[in-house]
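Accompanying notes for the structure given below.
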Amino acid sequence: MIHLLVLHGPNLNLLGLREPEVYGSETLDQIDDRIRRWASVNDADIHIEQSNHEGKLIDSIHARSDWADGMVLNPGGLAHMSICLHDAIKAVDIPTVEVHVSNIFAREAFRRESIVGSACVGIIAGFGGESYIAACDRLKSILLRK
């Protein structure tokens, strides 16, 4: 069994309400349900958290580092500015996939660079809630090759 930590960053609790033309109509609860369904058929144990606070996300990474085999992280807007999240990922050395619901590379120029992503094994963006499932699939593949 693999253990995956899934972290949702700032404003993701507003999915389904916030700018549906950019982020779609799927809610965070619906995405979490989708992730749990994936886990149930992929022999995975999942721990999911959402926080609007950078420090809380970092605390979660530290607290789960001995448990998690891999991490799916949607840092939201922190992707573009959080050296602290970047450093937390590097410190715990857990394979991490950065996820975005929208395609950050097709949006404003300031969203096209991810400081956090440079600490990750990859970035999946632009596929709505399916981005999380793709990240889980990639992590499972990476972890099974170890």
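All residue names refer to the structure tokens as shown: chains lettered A, B, ... in order, residues numbered from 1 in each chain, ligands numbered from 1 in order.
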Can you tell me, as number ranges by chain, what residues are no more than 12 Å from A:Arg36 when counting only C-alpha atoms, ignoring any on the same chain fewer than 2 positions away? A: 4-6, 29-34, 38-48, 132-133, 136
Write down as a PyMOL selection string the residues belonging to stretch 1-44 of chain A that are assigned strand (DSSP E or B) by DSSP computed on the backbone. chain A and resi 2-8+44
Could those residues be written to a file, using N, CA and C atoms, as a tab-separated table (two decimals), in the first residue's frame?
```
chain	number	residue	atom	x	y	z
A	2	ILE	N	0.51	2.21	-0.83
A	2	ILE	CA	1.23	3.48	-0.85
A	2	ILE	C	0.45	4.51	-0.04
A	3	HIS	N	1.19	5.45	0.52
A	3	HIS	CA	0.60	6.52	1.33
A	3	HIS	C	0.85	7.84	0.62
A	4	LEU	N	-0.25	8.53	0.26
A	4	LEU	CA	-0.14	9.80	-0.43
A	4	LEU	C	-0.76	10.92	0.39
A	5	LEU	N	0.01	11.98	0.53
A	5	LEU	CA	-0.46	13.20	1.17
A	5	LEU	C	-0.95	14.13	0.07
A	6	VAL	N	-2.18	14.61	0.19
A	6	VAL	CA	-2.75	15.54	-0.79
A	6	VAL	C	-3.04	16.84	-0.06
A	7	LEU	N	-2.39	17.91	-0.53
A	7	LEU	CA	-2.57	19.22	0.10
A	7	LEU	C	-3.13	20.21	-0.91
A	8	HIS	N	-4.16	20.91	-0.47
A	8	HIS	CA	-4.79	21.97	-1.26
A	8	HIS	C	-4.46	23.29	-0.57
A	44	ALA	N	-4.17	2.47	-2.12
A	44	ALA	CA	-3.50	3.65	-1.59
A	44	ALA	C	-4.24	4.17	-0.36
```
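Distance-wise, atom CA of A:Gly117 and atom CA of A:Ile142 end up 16.9 Å apart.
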Determine which residues of stretch 46-143 of chain A receive a DSSP assignment of alpha helix (DSSP H), computed from the backbone, and state them as a PyMOL selection string. chain A and resi 54-64+83-92+130-143
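Proximity ranking of A:Cys84, A:His100, A:Ile61, A:Leu14 relative to A:Gly128 places A:His100 first, based on only C-alpha atoms.
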